[in-house]
$ cat my_file-v3.cif   # mmCIF, C-alpha atoms
data_run
loop_
_atom_site.label_atom_id
_atom_site.label_comp_id
_atom_site.auth_asym_id
_atom_site.auth_seq_id
_atom_site.Cartn_x
_atom_site.Cartn_y
_atom_site.Cartn_z
CA MET T 1 36.76 -46.32 -62.96
CA ALA T 2 39.19 -45.10 -60.29
CA GLU T 3 39.73 -41.97 -62.34
CA ASP T 4 35.99 -41.24 -62.36
CA ARG T 5 35.77 -41.87 -58.63
CA ALA T 6 38.67 -39.47 -57.95
CA ARG T 7 37.06 -36.81 -60.18
CA LEU T 8 33.73 -37.24 -58.41
CA GLN T 9 35.40 -36.98 -55.00
CA SER T 10 37.23 -33.83 -56.10
CA LEU T 11 34.00 -32.23 -57.35
CA THR T 12 32.21 -33.21 -54.14
CA ASP T 13 34.97 -31.66 -52.03
CA GLU T 14 34.83 -28.46 -54.06
CA TYR T 15 31.04 -28.35 -53.65
CA GLN T 16 31.34 -28.81 -49.88
CA ASP T 17 33.93 -26.02 -49.71
CA LEU T 18 31.57 -23.72 -51.59
CA GLN T 19 28.76 -24.61 -49.18
CA ASN T 20 31.02 -23.81 -46.20
CA ASP T 21 31.95 -20.47 -47.76
CA LEU T 22 28.29 -19.75 -48.37
CA SER T 23 27.45 -20.52 -44.76
CA ASN T 24 30.20 -18.18 -43.53
CA LEU T 25 28.98 -15.38 -45.79
CA VAL T 26 25.39 -15.79 -44.63
CA SER T 27 26.56 -15.57 -41.01
CA ALA T 28 28.56 -12.44 -41.78
CA ARG T 29 25.55 -10.88 -43.51
CA GLN T 30 23.33 -11.65 -40.51
CA LYS T 31 25.84 -10.02 -38.16
CA LEU T 32 26.00 -6.92 -40.37
CA GLU T 33 22.21 -6.74 -40.58
CA SER T 34 22.05 -6.87 -36.79
CA GLN T 35 24.58 -4.04 -36.54
CA GLN T 36 22.62 -2.09 -39.13
CA GLN T 37 19.43 -2.41 -37.09
CA GLU T 38 21.23 -1.27 -33.94
CA ASN T 39 22.65 1.78 -35.68
CA GLN T 40 19.28 2.60 -37.23
CA SER T 41 17.78 2.51 -33.74
CA VAL T 42 20.49 4.87 -32.49
CA GLN T 43 19.90 7.17 -35.46
CA LYS T 44 16.18 7.18 -34.68
CA GLU T 45 16.92 8.09 -31.04
CA PHE T 46 19.26 10.87 -32.16
CA SER T 47 16.49 12.37 -34.29
CA THR T 48 14.36 12.85 -31.17
CA LEU T 49 17.12 14.64 -29.25
CA ALA T 50 17.49 18.39 -29.02
CA ASP T 51 20.55 19.88 -30.73
CA ASP T 52 22.03 20.85 -27.36
CA ALA T 53 21.52 17.39 -25.81
CA THR T 54 24.46 15.78 -24.07
CA ILE T 55 25.68 12.55 -25.64
CA TYR T 56 28.14 10.21 -23.99
CA LYS T 57 30.23 7.58 -25.69
CA LEU T 58 31.25 4.43 -23.85
CA VAL T 59 35.00 3.85 -24.19
CA GLY T 60 36.01 0.86 -22.13
CA PRO T 61 34.67 1.44 -18.61
CA VAL T 62 34.45 5.24 -19.08
CA LEU T 63 31.71 7.48 -20.48
CA LEU T 64 33.15 10.37 -22.50
CA LYS T 65 31.17 13.42 -23.56
CA GLN T 66 30.79 13.65 -27.32
CA GLU T 67 29.55 16.41 -29.59
CA THR T 68 26.05 15.75 -30.94
CA SER T 69 27.03 16.43 -34.53
CA GLU T 70 30.05 14.12 -34.24
CA ALA T 71 27.93 11.31 -32.78
CA LYS T 72 25.30 11.69 -35.52
CA SER T 73 27.89 11.72 -38.30
CA THR T 74 29.58 8.64 -36.82
CA VAL T 75 26.29 6.72 -36.94
CA VAL T 76 25.62 7.86 -40.51
CA GLY T 77 29.13 6.76 -41.49
CA ARG T 78 28.63 3.37 -39.87
CA LEU T 79 25.31 2.86 -41.64
CA ASP T 80 26.91 3.76 -44.96
CA PHE T 81 29.80 1.35 -44.38
CA ILE T 82 27.50 -1.45 -43.23
CA GLY T 83 25.25 -0.95 -46.25
CA LYS T 84 28.21 -1.24 -48.61
CA GLU T 85 29.49 -4.36 -46.81
CA ILE T 86 26.06 -6.01 -47.00
CA ALA T 87 25.92 -5.26 -50.75
CA ARG T 88 29.43 -6.71 -51.22
CA ILE T 89 28.57 -9.86 -49.28
CA GLU T 90 25.31 -10.23 -51.22
CA GLY T 91 27.35 -10.20 -54.43
CA ASN T 92 29.71 -12.83 -53.03
CA ILE T 93 26.75 -14.97 -51.96
CA LYS T 94 25.28 -14.83 -55.46
CA ASP T 95 28.64 -15.77 -56.99
CA ILE T 96 29.06 -18.74 -54.67
CA GLN T 97 25.48 -19.88 -55.26
CA THR T 98 26.12 -19.82 -59.00
CA LYS T 99 29.39 -21.75 -58.64
CA SER T 100 27.71 -24.18 -56.27
CA GLU T 101 24.93 -24.91 -58.77
CA GLU T 102 27.54 -25.47 -61.49
CA LYS T 103 29.42 -27.94 -59.28
CA LYS T 104 26.19 -29.72 -58.40
CA MET T 105 25.42 -30.15 -62.10
CA GLU T 106 28.96 -31.43 -62.72
CA VAL T 107 28.58 -33.98 -59.94
CA ARG T 108 25.27 -35.20 -61.38
CA SER T 109 26.65 -35.57 -64.90
#

$ encode --input "my_file-v3.cif" --output "structure tokens"
Amino acid sequence: MAEDRARLQSLTDEYQDLQNDLSNLVSARQKLESQQQENQSVQKEFSTLADDATIYKLVGPVLLKQETSEAKSTVVGRLDFIGKEIARIEGNIKDIQTKSEEKKMEVRS
């Protein structure tokens, strides 16, 4: 009886840990999606600019002039990175959801 109770407690703790991990991953995905939307907005703004437009980059309290092509490629690079991170986190979320369902079934049995 005590052995079953200890096993059940262990499974419950593992399930709760998986749920916490899942919550953290969902938060991370939401943050990345927000950053992705911001960068997509910037990319959209860049598409309306003339090639000789002046772009400034905020570095601390200072605005520094930046080449248009450099600024555009930086945004494209960020979007690529963010997209890959979102895909990686989505994979982790699916893995944890699968493990979580397995633990839930173990607890019920």

$ closest_residue --input "my_file-v3.cif" --among "T:Lys84, T:Leu18, T:Lys103, T:Ala71" --to "Leu58 in chain T" --atoms "only C-alpha atoms"
T:Ala71

$ closest_residue --input "my_file-v3.cif" --among "T:Asp52, T:Glu70, T:Glu33, T:Glu102" --to "Ile86 in chain T" --atoms "only C-alpha atoms"
T:Glu33

$ atom_distance --input "my_file-v3.cif" --atom1 "CA of Gln43 in chain T" --atom2 "CA of Val62 in chain T"
22.0 Å

$ atom_distance --input "my_file-v3.cif" --atom1 "CA of Leu49 in chain T" --atom2 "CA of Thr68 in chain T"
9.2 Å

$ closest_residue --input "my_file-v3.cif" --among "T:Lys99, T:Lys44, T:Lys94, T:Arg7" --to "Lys72 in chain T" --atoms "all atoms listed in the file"
T:Lys44

$ closest_residue --input "my_file-v3.cif" --among "T:Phe46, T:Asn92, T:Ser10, T:Ile55" --to "Val75 in chain T" --atoms "all atoms listed in the file"
T:Phe46

$ atom_distance --input "my_file-v3.cif" --atom1 "CA of Glu106 in chain T" --atom2 "CA of Thr12 in chain T"
9.3 Å

$ residues_around --input "my_file-v3.cif" --residues "Asn24 in chain T" --least-positions-apart "5" --cutoff "12 Å" --atoms "all atoms listed in the file" --output "JSON, numbers by chain"
{"T": [17, 18, 19, 29, 30, 31, 89, 92, 93, 96]}

$ residues_around --input "my_file-v3.cif" --residues "Asp80 in chain T" --least-positions-apart "3" --cutoff "12 Å" --atoms "all atoms listed in the file" --output "CSV table (one decimal) with C-alpha atoms, in the coordinates of the input"
chain,number,residue,atom,x,y,z
T,32,LEU,CA,26.0,-6.9,-40.4
T,35,GLN,CA,24.6,-4.0,-36.5
T,36,GLN,CA,22.6,-2.1,-39.1
T,39,ASN,CA,22.6,1.8,-35.7
T,40,GLN,CA,19.3,2.6,-37.2
T,73,SER,CA,27.9,11.7,-38.3
T,74,THR,CA,29.6,8.6,-36.8
T,75,VAL,CA,26.3,6.7,-36.9
T,76,VAL,CA,25.6,7.9,-40.5
T,77,GLY,CA,29.1,6.8,-41.5
T,83,GLY,CA,25.2,-1.0,-46.2
T,84,LYS,CA,28.2,-1.2,-48.6
T,85,GLU,CA,29.5,-4.4,-46.8
T,86,ILE,CA,26.1,-6.0,-47.0
T,87,ALA,CA,25.9,-5.3,-50.8

$ closest_residue --input "my_file-v3.cif" --among "T:Gln97, T:Ser69, T:Asp21, T:Gln37" --to "Asp51 in chain T" --atoms "only C-alpha atoms"
T:Ser69

$ closest_residue --input "my_file-v3.cif" --among "T:Leu25, T:Pro61, T:Arg108, T:Glu67" --to "Glu90 in chain T" --atoms "only C-alpha atoms"
T:Leu25

$ build_atoms --input "my_file-v3.cif" --residues "range 4-15 of chain T" --atoms "all heavy atoms" --output "compact mmCIF listing (two decimals), in the coordinates of the input"
# COMPACT_ATOMS: atom_id res chain seq x y z
N ASP T 4 37.31 -41.86 -62.51
CA ASP T 4 35.99 -41.24 -62.36
C ASP T 4 35.67 -41.01 -60.89
O ASP T 4 35.10 -39.98 -60.52
CB ASP T 4 34.90 -42.13 -62.99
CG ASP T 4 34.97 -42.14 -64.50
OD1 ASP T 4 35.53 -41.18 -65.08
OD2 ASP T 4 34.47 -43.10 -65.11
N ARG T 5 36.04 -41.98 -60.07
CA ARG T 5 35.77 -41.87 -58.63
C ARG T 5 36.57 -40.71 -58.03
O ARG T 5 36.05 -39.95 -57.21
CB ARG T 5 36.14 -43.19 -57.94
CG ARG T 5 35.50 -43.32 -56.59
CD ARG T 5 35.73 -44.67 -56.01
NE ARG T 5 34.90 -45.64 -56.75
CZ ARG T 5 34.89 -46.92 -56.52
NH1 ARG T 5 35.66 -47.43 -55.58
NH2 ARG T 5 34.11 -47.73 -57.20
N ALA T 6 37.83 -40.56 -58.45
CA ALA T 6 38.67 -39.47 -57.95
C ALA T 6 38.12 -38.12 -58.41
O ALA T 6 38.10 -37.15 -57.64
CB ALA T 6 40.10 -39.65 -58.43
N ARG T 7 37.66 -38.05 -59.65
CA ARG T 7 37.06 -36.81 -60.18
C ARG T 7 35.80 -36.46 -59.41
O ARG T 7 35.59 -35.31 -59.03
CB ARG T 7 36.75 -36.98 -61.66
CG ARG T 7 36.14 -35.75 -62.30
CD ARG T 7 35.84 -35.98 -63.79
NE ARG T 7 35.06 -34.90 -64.33
CZ ARG T 7 33.74 -34.80 -64.29
NH1 ARG T 7 33.03 -35.75 -63.73
NH2 ARG T 7 33.12 -33.77 -64.82
N LEU T 8 34.96 -37.45 -59.15
CA LEU T 8 33.73 -37.24 -58.41
C LEU T 8 34.03 -36.77 -56.98
O LEU T 8 33.38 -35.85 -56.47
CB LEU T 8 32.89 -38.52 -58.38
CG LEU T 8 31.54 -38.42 -57.69
CD1 LEU T 8 30.65 -37.40 -58.39
CD2 LEU T 8 30.86 -39.79 -57.67
N GLN T 9 35.02 -37.38 -56.35
CA GLN T 9 35.40 -36.98 -55.00
C GLN T 9 35.91 -35.53 -54.99
O GLN T 9 35.58 -34.75 -54.10
CB GLN T 9 36.47 -37.92 -54.43
CG GLN T 9 36.88 -37.60 -53.00
CD GLN T 9 35.72 -37.74 -52.03
OE1 GLN T 9 34.94 -38.68 -52.09
NE2 GLN T 9 35.62 -36.78 -51.11
N SER T 10 36.70 -35.19 -55.99
CA SER T 10 37.23 -33.83 -56.10
C SER T 10 36.10 -32.82 -56.27
O SER T 10 36.08 -31.77 -55.60
CB SER T 10 38.19 -33.74 -57.28
OG SER T 10 38.59 -32.43 -57.50
N LEU T 11 35.14 -33.13 -57.14
CA LEU T 11 34.00 -32.23 -57.35
C LEU T 11 33.16 -32.11 -56.08
O LEU T 11 32.69 -31.02 -55.74
CB LEU T 11 33.14 -32.74 -58.50
CG LEU T 11 33.74 -32.61 -59.90
CD1 LEU T 11 32.85 -33.32 -60.92
CD2 LEU T 11 33.92 -31.15 -60.28
N THR T 12 32.99 -33.22 -55.39
CA THR T 12 32.21 -33.21 -54.14
C THR T 12 32.90 -32.35 -53.09
O THR T 12 32.25 -31.57 -52.38
CB THR T 12 32.01 -34.64 -53.62
OG1 THR T 12 31.36 -35.41 -54.64
CG2 THR T 12 31.17 -34.66 -52.37
N ASP T 13 34.22 -32.48 -52.98
CA ASP T 13 34.97 -31.66 -52.03
C ASP T 13 34.86 -30.17 -52.35
O ASP T 13 34.68 -29.34 -51.46
CB ASP T 13 36.44 -32.08 -52.00
CG ASP T 13 36.65 -33.45 -51.37
OD1 ASP T 13 35.73 -33.95 -50.68
OD2 ASP T 13 37.75 -34.04 -51.59
N GLU T 14 34.96 -29.85 -53.64
CA GLU T 14 34.83 -28.46 -54.06
C GLU T 14 33.43 -27.93 -53.74
O GLU T 14 33.28 -26.79 -53.28
CB GLU T 14 35.10 -28.32 -55.56
CG GLU T 14 36.56 -28.53 -55.94
CD GLU T 14 36.78 -28.53 -57.44
OE1 GLU T 14 35.96 -27.93 -58.18
OE2 GLU T 14 37.77 -29.13 -57.88
N TYR T 15 32.42 -28.75 -53.96
CA TYR T 15 31.04 -28.35 -53.65
C TYR T 15 30.87 -28.10 -52.15
O TYR T 15 30.27 -27.10 -51.75
CB TYR T 15 30.07 -29.43 -54.13
CG TYR T 15 28.63 -29.14 -53.83
CD1 TYR T 15 27.92 -28.21 -54.58
CD2 TYR T 15 27.97 -29.77 -52.77
CE1 TYR T 15 26.59 -27.92 -54.31
CE2 TYR T 15 26.65 -29.49 -52.48
CZ TYR T 15 25.97 -28.57 -53.25
OH TYR T 15 24.65 -28.27 -52.96
